[in-house]
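Notes for the one structure printed next.
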Amino acid sequence: MKVIAQIKLPVEKEMELFEKKFFESMSSQVALLNRITHYIVNRKGKQMRPMFVFLVAKMVSDGSVNERTYRGASVIELIHTATLVHDDVVDDSNRRRGFFSINALWKNKIAVLVGDYLLSKGLLLSIDNNDFDLLKIISVAVREMSEGELLQIEKARRLDITEAVYYDIIRQKTATLIAACCSLGAASVKPESNEIAKMRRFGELIGMAFQIKDDLFDYGEDKIGKPTGIDIKEQKMTLPLIYALNNSSKKEKSWLINSVKNHNKDKKRVKEVIEFVVMKGGLDYAEKKMMEFQREALHILEDYPDSTYKDSLELMVNYVIERKK
């Protein structure tokens, strides 16, 4: 059995019902919108986010979920989908998970409006049901994601990222959404409990480990989701690169910055940068940090009694750092 199917097993029934509810939550009187949302639903990914919501909710409440849990999962998926649709417009990307993106099929104007529509649907789903605590969790995540993206753009121009700033960026850009899913799961079944902050931290740690794993893929030889060296070509400051920069002589540092800034399209130079980062121990250091985040996440789970939900979350934490793409 594939790992994802194994992780999903304890919440399979909930996930099936969630899909129906999620599709209903997108419905509109406008035929064009329904065509587009139908297209979105039929091209869903692994659905890790709703899985986190249901697994956490069940783990902290001895196996029970309620309507708020379903709404929380739907809201996070609506708002996340809205941000992806907008991202594809911003990045001028024609593909999403191997399929044509919304902007590639229906042009930018429609894609932006569809993103706005999904965002408002998510907000209203919470407001109409007085789920203001859930709405706050999601709104904080959206704010942080935007700030993280902008902070990364600002820093990429100057390439002056410290390790602390890097953690800030990935916490906001990547980890905050997984943190929101986990805290939503807890808040849906145990409002105003200590579990919410605890599960938020748990999700944050997984998100940090996940992003560092992505950074490491850029240096791999395998055919993974993205070609080797793409982060360097895009002037993204990843943890292995930051470590190499911080542990270089003045001369090496200026060669490295010059390479990333001015020669990032030169295949030979990019290969040299990758070799330099490996030689400086950047990959080993990033891997060590990733394992620290993983261990801290697993440590949080130790507080909970054994259950199939806890097993699945442990499997998820390990999958994040062991995945091949």
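Just so we're on the same page: first chain in the structure tokens is A, next is B, and so on; residues restart at 1 for each chain, and ligands are numbered from 1 in the order they show up.
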
Contacts of Cys181 (chain A) at 7 Å or less, counting only C-alpha atoms, minus same-chain residues fewer than 4 places along, as a ChimeraX atom specification? /A:49,52-53,177,185

Restrict the selected residues to all heavy atoms and save them as a PDB file, in the first residue's frame.
```
ATOM      1  N   ARG A  49      -3.762  18.513   3.244  1.00  0.00           N
ATOM      2  CA  ARG A  49      -4.278  19.509   4.192  1.00  0.00           C
ATOM      3  C   ARG A  49      -5.534  19.016   4.918  1.00  0.00           C
ATOM      4  O   ARG A  49      -5.557  18.985   6.148  1.00  0.00           O
ATOM      5  CB  ARG A  49      -4.513  20.847   3.498  1.00  0.00           C
ATOM      6  CG  ARG A  49      -3.232  21.641   3.296  1.00  0.00           C
ATOM      7  CD  ARG A  49      -3.386  22.704   2.240  1.00  0.00           C
ATOM      8  NE  ARG A  49      -3.759  22.144   0.966  1.00  0.00           N
ATOM      9  CZ  ARG A  49      -2.888  21.589   0.113  1.00  0.00           C
ATOM     10  NH1 ARG A  49      -1.610  21.564   0.389  1.00  0.00           N
ATOM     11  NH2 ARG A  49      -3.305  21.067  -1.015  1.00  0.00           N
ATOM     12  N   PHE A  52      -4.680  16.299   7.422  1.00  0.00           N
ATOM     13  CA  PHE A  52      -4.144  16.810   8.687  1.00  0.00           C
ATOM     14  C   PHE A  52      -5.283  17.247   9.608  1.00  0.00           C
ATOM     15  O   PHE A  52      -5.269  16.960  10.808  1.00  0.00           O
ATOM     16  CB  PHE A  52      -3.217  18.013   8.439  1.00  0.00           C
ATOM     17  CG  PHE A  52      -1.773  17.665   8.220  1.00  0.00           C
ATOM     18  CD1 PHE A  52      -1.112  18.048   7.059  1.00  0.00           C
ATOM     19  CD2 PHE A  52      -1.067  16.970   9.189  1.00  0.00           C
ATOM     20  CE1 PHE A  52       0.232  17.733   6.855  1.00  0.00           C
ATOM     21  CE2 PHE A  52       0.290  16.653   9.000  1.00  0.00           C
ATOM     22  CZ  PHE A  52       0.926  17.031   7.840  1.00  0.00           C
ATOM     23  N   VAL A  53      -6.257  17.965   9.050  1.00  0.00           N
ATOM     24  CA  VAL A  53      -7.378  18.468   9.860  1.00  0.00           C
ATOM     25  C   VAL A  53      -8.094  17.297  10.541  1.00  0.00           C
ATOM     26  O   VAL A  53      -8.304  17.303  11.767  1.00  0.00           O
ATOM     27  CB  VAL A  53      -8.383  19.270   8.989  1.00  0.00           C
ATOM     28  CG1 VAL A  53      -9.598  19.691   9.820  1.00  0.00           C
ATOM     29  CG2 VAL A  53      -7.727  20.510   8.384  1.00  0.00           C
ATOM     30  N   LEU A 177       0.712  27.184   6.740  1.00  0.00           N
ATOM     31  CA  LEU A 177      -0.516  26.548   6.233  1.00  0.00           C
ATOM     32  C   LEU A 177      -0.729  25.184   6.893  1.00  0.00           C
ATOM     33  O   LEU A 177      -1.849  24.849   7.284  1.00  0.00           O
ATOM     34  CB  LEU A 177      -0.451  26.402   4.711  1.00  0.00           C
ATOM     35  CG  LEU A 177      -1.789  26.028   4.063  1.00  0.00           C
ATOM     36  CD1 LEU A 177      -2.794  27.171   4.205  1.00  0.00           C
ATOM     37  CD2 LEU A 177      -1.622  25.683   2.592  1.00  0.00           C
ATOM     38  N   GLY A 185      -7.884  21.501  13.113  1.00  0.00           N
ATOM     39  CA  GLY A 185      -8.398  20.192  13.528  1.00  0.00           C
ATOM     40  C   GLY A 185      -8.673  20.174  15.020  1.00  0.00           C
ATOM     41  O   GLY A 185      -9.744  19.749  15.468  1.00  0.00           O
TER      42      GLY A 185
END
```

Need to verify the contact set: Leu184 (chain A), 12 Å, only C-alpha atoms, exclusion of same-chain residues closer than 3 positions in sequence. Can you return it as a count of residues only? 54

Could you pull the residues within 10 Å of Gln294 (chain A), counting only C-alpha atoms, minus those fewer than 4 positions along the same chain, as a VMD selection string? chain A and resid 202 205 to 210 288 to 290 298 to 299 314 317 to 318 320 to 321

Which polymer residues have any atom within 9 Å of an atom of region 79-91 of chain A, counting only C-alpha atoms, with same-chain residues fewer than 4 positions away left out, as a ChimeraX atom specification? /A:40,74-75,95-96,101-104,107-109,111-112,114-123,138,142,177

Preceding selection exported with N, CA and C atoms as a PDB file, in the first residue's frame:
```pdb
ATOM      1  N   ILE A  40     -11.345  22.135 -11.169  1.00  0.00           N
ATOM      2  CA  ILE A  40     -10.429  22.165 -10.018  1.00  0.00           C
ATOM      3  C   ILE A  40     -10.581  20.902  -9.167  1.00  0.00           C
ATOM      4  N   SER A  74     -12.883  22.304   4.703  1.00  0.00           N
ATOM      5  CA  SER A  74     -13.352  22.936   3.452  1.00  0.00           C
ATOM      6  C   SER A  74     -12.802  24.348   3.310  1.00  0.00           C
ATOM      7  N   VAL A  75     -12.816  25.093   4.412  1.00  0.00           N
ATOM      8  CA  VAL A  75     -12.343  26.481   4.365  1.00  0.00           C
ATOM      9  C   VAL A  75     -10.859  26.526   4.011  1.00  0.00           C
ATOM     10  N   ARG A  95       0.972  25.287 -15.964  1.00  0.00           N
ATOM     11  CA  ARG A  95       0.723  23.924 -15.477  1.00  0.00           C
ATOM     12  C   ARG A  95       0.590  23.895 -13.964  1.00  0.00           C
ATOM     13  N   ARG A  96      -0.246  23.005 -13.492  1.00  0.00           N
ATOM     14  CA  ARG A  96      -0.402  22.777 -12.057  1.00  0.00           C
ATOM     15  C   ARG A  96      -0.657  21.282 -11.899  1.00  0.00           C
ATOM     16  N   SER A 101      -3.191  24.984 -15.959  1.00  0.00           N
ATOM     17  CA  SER A 101      -3.669  25.845 -14.871  1.00  0.00           C
ATOM     18  C   SER A 101      -4.912  26.601 -15.348  1.00  0.00           C
ATOM     19  N   ILE A 102      -5.602  27.219 -14.389  1.00  0.00           N
ATOM     20  CA  ILE A 102      -6.833  27.956 -14.723  1.00  0.00           C
ATOM     21  C   ILE A 102      -6.523  29.108 -15.685  1.00  0.00           C
ATOM     22  N   ASN A 103      -5.427  29.828 -15.421  1.00  0.00           N
ATOM     23  CA  ASN A 103      -5.078  30.967 -16.285  1.00  0.00           C
ATOM     24  C   ASN A 103      -4.672  30.525 -17.689  1.00  0.00           C
ATOM     25  N   ALA A 104      -4.151  29.286 -17.811  1.00  0.00           N
ATOM     26  CA  ALA A 104      -3.771  28.790 -19.139  1.00  0.00           C
ATOM     27  C   ALA A 104      -5.024  28.489 -19.967  1.00  0.00           C
ATOM     28  N   LYS A 107      -7.567  32.257 -19.140  1.00  0.00           N
ATOM     29  CA  LYS A 107      -6.900  33.578 -19.116  1.00  0.00           C
ATOM     30  C   LYS A 107      -6.838  34.172 -17.700  1.00  0.00           C
ATOM     31  N   ASN A 108      -5.932  35.153 -17.563  1.00  0.00           N
ATOM     32  CA  ASN A 108      -5.627  35.723 -16.244  1.00  0.00           C
ATOM     33  C   ASN A 108      -6.811  36.367 -15.538  1.00  0.00           C
ATOM     34  N   LYS A 109      -7.581  37.144 -16.281  1.00  0.00           N
ATOM     35  CA  LYS A 109      -8.686  37.900 -15.649  1.00  0.00           C
ATOM     36  C   LYS A 109      -9.653  36.945 -14.958  1.00  0.00           C
ATOM     37  N   ALA A 111      -9.038  33.847 -14.048  1.00  0.00           N
ATOM     38  CA  ALA A 111      -8.341  33.145 -12.958  1.00  0.00           C
ATOM     39  C   ALA A 111      -8.315  33.990 -11.684  1.00  0.00           C
ATOM     40  N   VAL A 112      -8.026  35.274 -11.814  1.00  0.00           N
ATOM     41  CA  VAL A 112      -7.994  36.165 -10.632  1.00  0.00           C
ATOM     42  C   VAL A 112      -9.382  36.241  -9.996  1.00  0.00           C
ATOM     43  N   VAL A 114     -11.788  34.008 -10.200  1.00  0.00           N
ATOM     44  CA  VAL A 114     -12.106  32.706  -9.602  1.00  0.00           C
ATOM     45  C   VAL A 114     -11.411  32.592  -8.235  1.00  0.00           C
ATOM     46  N   GLY A 115     -10.156  33.029  -8.167  1.00  0.00           N
ATOM     47  CA  GLY A 115      -9.440  33.033  -6.885  1.00  0.00           C
ATOM     48  C   GLY A 115     -10.166  33.876  -5.851  1.00  0.00           C
ATOM     49  N   ASP A 116     -10.620  35.054  -6.258  1.00  0.00           N
ATOM     50  CA  ASP A 116     -11.376  35.942  -5.348  1.00  0.00           C
ATOM     51  C   ASP A 116     -12.666  35.261  -4.883  1.00  0.00           C
ATOM     52  N   TYR A 117     -13.333  34.596  -5.824  1.00  0.00           N
ATOM     53  CA  TYR A 117     -14.594  33.919  -5.519  1.00  0.00           C
ATOM     54  C   TYR A 117     -14.375  32.825  -4.467  1.00  0.00           C
ATOM     55  N   LEU A 118     -13.334  32.005  -4.677  1.00  0.00           N
ATOM     56  CA  LEU A 118     -13.053  30.915  -3.731  1.00  0.00           C
ATOM     57  C   LEU A 118     -12.699  31.459  -2.347  1.00  0.00           C
ATOM     58  N   LEU A 119     -11.949  32.556  -2.327  1.00  0.00           N
ATOM     59  CA  LEU A 119     -11.575  33.202  -1.070  1.00  0.00           C
ATOM     60  C   LEU A 119     -12.835  33.662  -0.317  1.00  0.00           C
ATOM     61  N   SER A 120     -13.741  34.323  -1.037  1.00  0.00           N
ATOM     62  CA  SER A 120     -14.961  34.826  -0.386  1.00  0.00           C
ATOM     63  C   SER A 120     -15.853  33.664   0.070  1.00  0.00           C
ATOM     64  N   LYS A 121     -15.885  32.584  -0.706  1.00  0.00           N
ATOM     65  CA  LYS A 121     -16.672  31.403  -0.321  1.00  0.00           C
ATOM     66  C   LYS A 121     -16.146  30.826   1.001  1.00  0.00           C
ATOM     67  N   GLY A 122     -14.824  30.791   1.108  1.00  0.00           N
ATOM     68  CA  GLY A 122     -14.208  30.291   2.337  1.00  0.00           C
ATOM     69  C   GLY A 122     -14.558  31.157   3.531  1.00  0.00           C
ATOM     70  N   LEU A 123     -14.452  32.478   3.349  1.00  0.00           N
ATOM     71  CA  LEU A 123     -14.762  33.410   4.438  1.00  0.00           C
ATOM     72  C   LEU A 123     -16.218  33.271   4.871  1.00  0.00           C
ATOM     73  N   ILE A 138      -7.292  30.730   9.951  1.00  0.00           N
ATOM     74  CA  ILE A 138      -7.028  30.731   8.512  1.00  0.00           C
ATOM     75  C   ILE A 138      -6.547  32.102   8.043  1.00  0.00           C
ATOM     76  N   VAL A 142      -3.116  33.136   5.938  1.00  0.00           N
ATOM     77  CA  VAL A 142      -3.055  33.842   4.649  1.00  0.00           C
ATOM     78  C   VAL A 142      -2.166  35.081   4.759  1.00  0.00           C
ATOM     79  N   LEU A 177       0.712  27.184   6.740  1.00  0.00           N
ATOM     80  CA  LEU A 177      -0.516  26.548   6.233  1.00  0.00           C
ATOM     81  C   LEU A 177      -0.729  25.184   6.893  1.00  0.00           C
TER      82      LEU A 177
END
```

Any idea what the distance is between CA of Ser64 (chain A) and CA of Lys13 (chain A)? 12.3 Å

Surrounding residues of Ile170 (chain A) excluding itself and chain neighbours under 3 positions, 9 Å, only C-alpha atoms, as a PyMOL selection string: chain A and resi 148-149+152+165-167+173-176+207-208+211-212

Grab the residues selected above and save them as a PDB file, in the first residue's frame with C-alpha atoms.
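Okay, again14.pdb is ready:
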```pdb
ATOM      1  CA  GLY A 148       6.660  35.314   3.708  1.00  0.00           C
ATOM      2  CA  GLU A 149       6.506  35.525  -0.087  1.00  0.00           C
ATOM      3  CA  GLN A 152      11.624  36.268   0.190  1.00  0.00           C
ATOM      4  CA  VAL A 165      15.602  35.128   8.291  1.00  0.00           C
ATOM      5  CA  TYR A 166      15.458  31.949   6.195  1.00  0.00           C
ATOM      6  CA  TYR A 167      13.527  30.186   8.994  1.00  0.00           C
ATOM      7  CA  LYS A 173       5.573  30.679   3.353  1.00  0.00           C
ATOM      8  CA  THR A 174       5.222  26.938   3.863  1.00  0.00           C
ATOM      9  CA  ALA A 175       4.839  25.944   7.498  1.00  0.00           C
ATOM     10  CA  THR A 176       2.033  28.340   8.441  1.00  0.00           C
ATOM     11  CA  GLY A 207       6.189  22.404   7.460  1.00  0.00           C
ATOM     12  CA  MET A 208       9.761  23.479   8.263  1.00  0.00           C
ATOM     13  CA  GLN A 211      10.567  22.906   3.044  1.00  0.00           C
ATOM     14  CA  ILE A 212      14.140  21.914   3.918  1.00  0.00           C
TER      15      ILE A 212
END
```

So, with only C-alpha atoms as the atoms that count, which of A:Ile7, A:Met26, A:Ile127, A:Ala286 lies closest to Phe217 (chain A)? A:Ala286

Pick out each residue of region 33-276 of chain A that DSSP on the backbone tags as strand (DSSP E); I need them as a list of chain:residue names.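 Strand (DSSP E) members of region 33-276 of chain A, listed: A:Arg95, A:Arg96, A:Phe99, A:Phe100.
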
Contacts of His38 (chain A) within 12 Å, only C-alpha atoms, excl. fewer than 4 positions in-chain, as a PyMOL selection string: chain A and resi 19-20+22-28+31-34+42-44+102

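Counting from CA of Ile4 (chain A), the distance to CA of Gln47 (chain A) is 9.5 Å.
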
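Going from CA of Asp168 (chain A) over to CA of Leu150 (chain A), you cover 11.7 Å.
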
So that I can check the secondary structure, give me every residue of region 227-314 of chain A assigned helix (DSSP H, G or I) by backbone DSSP, as a PyMOL selection string. chain A and resi 230-233+239-246+250-262+267-279+282-301+308-314

Top pick for closest residue to Gly282 (chain A), considering A:Gln6, A:Thr162, A:Asn129, A:Asn247 and counting only C-alpha atoms: A:Asn247
